[in-house]
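Data file: my_file-v6.txt. Format and content: compact mmCIF, C-alpha atoms and all ligand atoms.
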# COMPACT_ATOMS: atom_id res chain seq x y z
CA MET A 14 0.00 0.00 0.00
CA LEU A 15 1.47 3.34 -1.10
CA THR A 16 1.33 6.01 1.60
CA VAL A 17 0.67 9.57 0.52
CA ALA A 18 1.03 13.00 2.14
CA VAL A 19 -1.04 15.73 0.50
CA LEU A 20 -0.09 19.41 0.80
CA ILE A 21 -2.69 22.10 0.18
CA SER A 22 -3.27 25.84 0.57
CA GLY A 23 -6.94 26.27 -0.22
CA THR A 24 -10.27 24.57 -0.55
CA GLY A 25 -8.81 21.16 -1.21
CA SER A 26 -11.39 19.96 -3.71
CA ASN A 27 -8.79 17.81 -5.45
CA LEU A 28 -7.70 16.48 -2.05
CA ARG A 29 -11.34 15.61 -1.39
CA ALA A 30 -11.55 13.60 -4.58
CA LEU A 31 -8.39 11.71 -3.66
CA LEU A 32 -9.69 11.01 -0.15
CA ASP A 33 -12.98 9.72 -1.56
CA GLU A 34 -11.11 7.46 -3.94
CA ALA A 35 -8.69 6.23 -1.28
CA ALA A 36 -11.63 5.23 0.91
CA ASP A 37 -12.25 2.40 -1.55
CA PRO A 38 -10.39 -0.65 -0.17
CA GLU A 39 -9.46 -1.56 -3.75
CA PHE A 40 -7.53 1.69 -4.21
CA PRO A 41 -3.83 0.88 -3.77
CA ALA A 42 -2.85 4.08 -1.89
CA ARG A 43 -3.72 5.62 1.49
CA ILE A 44 -3.50 9.25 2.51
CA VAL A 45 -1.67 9.31 5.82
CA VAL A 46 -1.49 13.06 6.47
CA VAL A 47 -2.57 16.40 5.03
CA GLY A 48 -0.38 19.46 5.50
CA ALA A 49 -0.76 23.12 4.60
CA ASP A 50 1.16 26.39 4.65
CA ARG A 51 -1.77 28.13 6.35
CA GLU A 52 -5.12 27.47 7.97
CA ALA A 53 -6.57 25.89 4.83
CA GLU A 54 -10.26 25.30 4.29
CA GLY A 55 -9.41 21.88 2.88
CA PHE A 56 -8.35 20.57 6.31
CA SER A 57 -12.05 19.90 6.91
CA HIS A 58 -11.96 17.08 4.34
CA ALA A 59 -9.08 15.39 6.15
CA GLU A 60 -10.80 15.83 9.50
CA GLU A 61 -13.98 14.28 8.12
CA TYR A 62 -11.95 11.20 7.20
CA GLY A 63 -10.06 11.19 10.51
CA ILE A 64 -6.76 11.86 8.75
CA PRO A 65 -4.13 13.78 10.72
CA THR A 66 -3.23 17.29 9.62
CA PHE A 67 -0.32 19.63 10.20
CA MET A 68 0.28 23.26 9.42
CA VAL A 69 3.59 24.98 8.76
CA PRO A 70 2.54 28.63 8.44
CA PHE A 71 4.69 30.20 5.75
CA ALA A 72 4.10 33.67 7.16
CA GLN A 73 5.79 32.75 10.45
CA PHE A 74 9.17 31.85 8.95
CA ALA A 75 11.88 34.34 8.05
CA THR A 76 12.89 32.52 4.88
CA ARG A 77 11.49 29.98 2.44
CA GLU A 78 14.38 27.72 3.44
CA ALA A 79 13.45 27.84 7.14
CA TRP A 80 9.82 27.10 6.26
CA GLY A 81 10.91 24.23 4.05
CA ALA A 82 13.11 22.77 6.79
CA GLU A 83 10.12 22.62 9.13
CA LEU A 84 7.98 21.10 6.38
CA ALA A 85 10.68 18.47 5.86
CA GLU A 86 10.59 17.68 9.59
CA GLN A 87 6.85 17.17 9.46
CA LEU A 88 7.09 14.93 6.42
CA ALA A 89 9.83 12.93 8.13
CA VAL A 90 7.37 12.12 10.93
CA TRP A 91 4.97 10.50 8.46
CA LYS A 92 7.50 9.08 6.01
CA PRO A 93 5.07 8.95 3.07
CA ASP A 94 6.04 7.11 -0.09
CA LEU A 95 4.69 10.00 -2.15
CA VAL A 96 4.03 13.71 -1.57
CA VAL A 97 1.19 15.24 -3.59
CA LEU A 98 1.00 19.02 -3.97
CA SER A 99 -2.69 19.59 -4.50
CA GLY A 100 -3.08 23.33 -4.66
CA LEU A 101 -0.09 24.18 -2.44
CA MET A 102 0.52 27.75 -3.60
CA ARG A 103 4.17 27.95 -2.50
CA LEU A 104 7.41 27.10 -4.21
CA LEU A 105 9.30 24.47 -2.26
CA PRO A 106 12.92 25.26 -1.42
CA ALA A 107 15.56 23.30 -3.32
CA ALA A 108 16.69 21.36 -0.23
CA LEU A 109 13.23 19.87 0.22
CA VAL A 110 12.80 19.07 -3.47
CA ASP A 111 16.24 17.48 -3.60
CA GLU A 112 15.46 15.35 -0.55
CA TRP A 113 12.16 14.05 -1.90
CA ALA A 114 12.61 14.05 -5.67
CA PRO A 115 11.21 12.33 -7.67
CA ARG A 116 8.54 11.45 -5.13
CA ILE A 117 6.77 14.82 -5.16
CA VAL A 118 4.06 15.39 -7.74
CA ASN A 119 2.06 18.54 -8.44
CA THR A 120 -1.26 19.23 -10.11
CA HIS A 121 -1.50 22.30 -12.29
CA PRO A 122 -4.52 23.90 -13.98
CA ALA A 123 -2.92 24.37 -17.42
CA TYR A 124 -1.37 22.31 -20.19
CA LEU A 125 2.28 22.62 -19.18
CA PRO A 126 4.68 23.97 -20.28
CA GLU A 127 2.00 26.51 -21.17
CA PHE A 128 1.03 28.92 -18.38
CA PRO A 129 3.15 27.81 -15.42
CA GLY A 130 3.03 29.55 -12.05
CA ALA A 131 0.40 30.69 -9.61
CA HIS A 132 -2.17 31.97 -12.15
CA GLY A 133 -2.36 29.26 -14.78
CA VAL A 134 -6.08 29.75 -15.44
CA ARG A 135 -5.98 33.56 -15.47
CA ASP A 136 -2.93 33.60 -17.75
CA ALA A 137 -4.59 31.25 -20.27
CA LEU A 138 -7.66 33.48 -20.40
CA ALA A 139 -5.53 36.60 -20.79
CA ALA A 140 -3.66 34.97 -23.68
CA GLY A 141 -6.95 34.35 -25.47
CA VAL A 142 -6.21 30.69 -26.25
CA ALA A 143 -8.98 28.39 -27.48
CA GLN A 144 -7.90 25.57 -25.21
CA THR A 145 -5.90 25.13 -22.05
CA GLY A 146 -5.75 22.04 -19.86
CA ALA A 147 -4.62 20.25 -16.75
CA SER A 148 -1.30 18.59 -15.92
CA VAL A 149 0.27 16.39 -13.28
CA ILE A 150 4.05 16.65 -13.09
CA ILE A 151 7.03 15.57 -11.01
CA VAL A 152 8.24 18.56 -9.00
CA ASP A 153 11.74 19.77 -9.80
CA ASN A 154 13.51 22.98 -8.86
CA GLY A 155 11.86 25.08 -11.55
CA VAL A 156 8.39 26.60 -11.56
CA ASP A 157 6.20 23.84 -13.00
CA THR A 158 9.05 22.60 -15.20
CA GLY A 159 9.26 18.98 -14.03
CA PRO A 160 8.56 15.90 -16.18
CA ILE A 161 4.92 15.60 -17.22
CA LEU A 162 3.14 12.48 -15.95
CA ALA A 163 -0.33 13.14 -17.35
CA GLN A 164 -2.11 15.97 -19.08
CA GLU A 165 -5.30 16.66 -20.94
CA ARG A 166 -6.77 19.54 -22.93
CA VAL A 167 -9.76 21.54 -21.72
CA PRO A 168 -11.51 23.97 -24.10
CA VAL A 169 -11.93 27.63 -23.22
CA LEU A 170 -15.58 28.49 -23.88
CA PRO A 171 -17.04 31.84 -24.91
CA GLY A 172 -17.96 33.79 -21.79
CA ASP A 173 -15.57 31.85 -19.54
CA ASP A 174 -14.23 33.79 -16.59
CA GLU A 175 -11.43 32.51 -14.36
CA HIS A 176 -13.83 30.84 -11.97
CA ALA A 177 -15.90 29.07 -14.62
CA LEU A 178 -12.85 27.84 -16.50
CA HIS A 179 -11.10 26.67 -13.33
CA ASP A 180 -14.27 24.82 -12.30
CA ARG A 181 -14.17 22.92 -15.60
CA ILE A 182 -10.45 22.19 -15.31
CA LYS A 183 -10.58 20.82 -11.76
CA PRO A 184 -12.55 17.63 -12.53
CA VAL A 185 -9.97 16.83 -15.22
CA GLU A 186 -7.14 17.47 -12.76
CA ARG A 187 -8.80 15.17 -10.25
CA ARG A 188 -9.12 12.35 -12.72
CA LEU A 189 -5.48 12.73 -13.82
CA LEU A 190 -4.19 12.95 -10.25
CA ILE A 191 -6.13 9.90 -9.08
CA ASP A 192 -4.90 7.97 -12.09
CA VAL A 193 -1.27 8.96 -11.48
CA VAL A 194 -1.46 7.98 -7.79
CA ARG A 195 -3.09 4.69 -8.72
CA ARG A 196 -0.45 3.90 -11.35
CA VAL A 197 2.44 4.79 -9.02
CA ALA A 198 0.90 2.65 -6.27
CA ALA A 199 0.33 -0.26 -8.64
CA GLY A 200 3.91 -0.08 -9.90
CA ASP A 201 2.76 0.87 -13.40
CA LEU A 202 4.37 4.29 -13.28
CA ASP A 203 8.00 4.51 -12.16
CA LEU A 204 8.70 8.08 -11.08
CA ALA A 205 12.44 7.54 -10.89
CA ALA A 206 12.50 6.23 -14.46
CA VAL A 207 10.44 9.16 -15.73
CA ALA A 208 12.67 11.64 -13.89
CA ALA A 209 15.82 10.02 -15.28
CA ALA A 210 14.57 9.95 -18.88
CA PRO A 211 15.93 12.64 -21.19
CA ALA A 212 13.40 15.44 -21.79
CA SER A 213 11.57 14.90 -25.08
C1 LIG A 301 -5.95 23.38 -8.37
O1 LIG A 301 -6.52 23.75 -9.60
C2 LIG A 301 -4.46 23.23 -8.52
O2 LIG A 301 -4.05 22.74 -9.74
C3 LIG A 301 -4.02 24.65 -8.38
O3 LIG A 301 -4.77 25.11 -7.29
C4 LIG A 301 -6.06 24.50 -7.35
C5 LIG A 301 -6.40 23.98 -5.97
O4 LIG A 301 -7.74 23.66 -5.91
N1 LIG A 301 -2.61 24.72 -8.16
C6 LIG A 301 -1.84 25.62 -8.76
O5 LIG A 301 -2.26 26.52 -9.47
C7 LIG A 301 -0.37 25.48 -8.47
N2 LIG A 301 0.40 26.27 -9.35
P1 LIG A 301 -8.33 22.86 -4.67
O6 LIG A 301 -7.74 23.48 -3.40
O7 LIG A 301 -9.81 23.07 -4.76
O8 LIG A 301 -7.94 21.42 -4.84
Could you show the structure in this file as structure tokens?
Amino acid sequence: MLTVAVLISGTGSNLRALLDEAADPEFPARIVVVGADREAEGFSHAEEYGIPTFMVPFAQFATREAWGAELAEQLAVWKPDLVVLSGLMRLLPAALVDEWAPRIVNTHPAYLPEFPGAHGVRDALAAGVAQTGASVIIVDNGVDTGPILAQERVPVLPGDDEHALHDRIKPVERRLLIDVVRRVAAGDLDLAAVAAAPAS
């Protein structure tokens, strides 16, 4: 059974989908802890499932590195096989990425490498593209530059605002994330092999 830590910043709707899926005894992964960089709304989903939570408040640390060191300590307590960033809106410091790579994956609401960063949905709308998408990647030390594990296109519809478009992207993200976690847990997706492969 693959053990997973999920890190969030916000509502945690993707976390919720993963928790619902992991409640199925047939699902080969278990969420062992949910962490956040602030008092995140999404903690309620973990609490509902009786899953432990921890918070490492970014605002209370002098540097990203100090915050990351505390986050690493928390993760070390739980020793998950995989860390899922599911809406964690912070860049991880290099020391943490280097310690955990390639076992950290991130969901992103755009078709990477298009529109990386904190405003993937807004940036796609501003660019006036006809389609954007959702991606799940391995986290590296760039901003959303890691190897792509799964991605799918989502059309931009006339009249879409950021909220409407994001709401249509999220179900796709959820499906991709659940599938990636399932494949990693089942041994069908080897993160180390993907990370070691030359970029195509
Ligand atoms: C998701 O769309 C996730 O991809 C995005 O935040 C949202 C969190 O939603 N993350 C990023 O944009 C990271 N660059 P949720 O809290 O409802 O799951």
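Candidate residues A:Gly25, A:Pro106, A:Pro70, A:Gly159 were compared for distance to Val118 of chain A, and the nearest is A:Gly159, using all atoms listed in the file.
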Cut-off 7 Å: closest chain A/ligand LIG 301 (chain A) atom pairs per residue, using all atoms listed in the file, as a Markdown table:
| residue | atom | partner | partner_atom | distance |
| --- | --- | --- | --- | --- |
| A:Ile21 | CA | A:LIG301 | O6 | 6.3 |
| A:Ser22 | CA | A:LIG301 | O6 | 6.4 |
| A:Gly23 | CA | A:LIG301 | O6 | 4.3 |
| A:Thr24 | CA | A:LIG301 | O6 | 4.0 |
| A:Gly25 | CA | A:LIG301 | O6 | 3.4 |
| A:Ser26 | CA | A:LIG301 | O7 | 3.6 |
| A:Asn27 | CA | A:LIG301 | O8 | 3.8 |
| A:Leu28 | CA | A:LIG301 | O8 | 5.7 |
| A:Gly55 | CA | A:LIG301 | O6 | 6.7 |
| A:Ser99 | CA | A:LIG301 | O8 | 5.6 |
| A:Gly100 | CA | A:LIG301 | O3 | 3.6 |
| A:Leu101 | CA | A:LIG301 | C7 | 6.2 |
| A:Met102 | CA | A:LIG301 | C7 | 5.4 |
| A:Thr120 | CA | A:LIG301 | O2 | 4.5 |
| A:His121 | CA | A:LIG301 | O2 | 3.6 |
| A:Pro122 | CA | A:LIG301 | O2 | 4.4 |
| A:Pro129 | CA | A:LIG301 | N2 | 6.8 |
| A:Gly130 | CA | A:LIG301 | N2 | 5.0 |
| A:Ala131 | CA | A:LIG301 | N2 | 4.4 |
| A:His132 | CA | A:LIG301 | O5 | 6.1 |
| A:Gly133 | CA | A:LIG301 | O5 | 6.0 |
| A:His179 | CA | A:LIG301 | O1 | 6.6 |
| A:Lys183 | CA | A:LIG301 | O1 | 5.5 |
| A:Glu186 | CA | A:LIG301 | O2 | 6.8 |
Counting only C-alpha atoms, which residues in segment 114-205 of chain A sit no more than 9 Å from segment 31-53 of chain A? For each one, give the nearest pair of atoms and the distance in Å, sorted by chain then residue number, as a Markdown table.
| residue | atom | partner | partner_atom | distance |
| --- | --- | --- | --- | --- |
| A:Arg187 | CA | A:Leu31 | CA | 7.5 |
| A:Leu190 | CA | A:Leu31 | CA | 7.9 |
| A:Ile191 | CA | A:Leu31 | CA | 6.1 |
| A:Val194 | CA | A:Ala42 | CA | 7.2 |
| A:Arg195 | CA | A:Pro41 | CA | 6.3 |
| A:Arg196 | CA | A:Pro41 | CA | 8.8 |
| A:Val197 | CA | A:Ala42 | CA | 8.9 |
| A:Ala198 | CA | A:Pro41 | CA | 5.6 |
| A:Ala199 | CA | A:Pro41 | CA | 6.5 |
Just-selected residues, C-alpha atoms written as a tab-separated table (two decimals), keeping the file's coordinate frame:
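In the end it all went to out.tsv:
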chain	number	residue	atom	x	y	z
A	187	ARG	CA	-8.80	15.17	-10.25
A	190	LEU	CA	-4.19	12.95	-10.25
A	191	ILE	CA	-6.13	9.90	-9.08
A	194	VAL	CA	-1.46	7.98	-7.79
A	195	ARG	CA	-3.09	4.69	-8.72
A	196	ARG	CA	-0.45	3.90	-11.35
A	197	VAL	CA	2.44	4.79	-9.02
A	198	ALA	CA	0.90	2.65	-6.27
A	199	ALA	CA	0.33	-0.26	-8.64
**segment 148-155 of chain A surroundings by all atoms listed in the file, 6 Å radius, close-in-sequence under 6 positions cut, as a PyMOL selection string** = chain A and resi 107+117-121+124+161-164
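Relative to atom CA of Val96 of chain A, atom CA of Leu15 of chain A is found at 10.7 Å.
Ranking A:Ala137, A:Val69, A:Leu189, A:Leu95 by their shortest atom-to-atom distance to Leu170 of chain A, with only C-alpha atoms included, puts A:Ala137 first.
One finds atom CA of Ala114 of chain A at 10.9 Å from atom CA of Ala209 of chain A.
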**Request:** Tell me, in Å to one decimal, how far atom CA of Ala177 of chain A is from atom CA of Thr158 of chain A.
**Result:** 25.8 Å
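Using only C-alpha atoms for every distance, the candidate list A:Val193, A:Ala89, A:Val110, A:Leu125 yields A:Leu125 as the residue closest to Glu165 of chain A.
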Please write out, as JSON, where the centre of an axis-aligned box around all listed atoms of segment 141-158 of chain A lies and how long its edges are, in Å to one decimal, after adding 3 Å on each side.
{"center_x": 2.3, "center_y": 25.0, "center_z": -18.2, "size_x": 28.5, "size_y": 24.8, "size_z": 24.6}
**Request:** Select, from A:Asp174, A:Glu83, A:Asp180, A:Glu78, the residue with the minimum atom-to-atom distance to Gly146 of chain A, counting only C-alpha atoms.
**Result:** A:Asp180
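Using only C-alpha atoms for every distance, the candidate list A:Val185, A:Ala212, A:Val169, A:Met14 yields A:Val169 as the residue closest to Ala140 of chain A.
Using only C-alpha atoms, the smallest distance between any of A:Ala210, A:Val156, A:Ala75, A:Leu105 and Phe128 of chain A comes from A:Val156.
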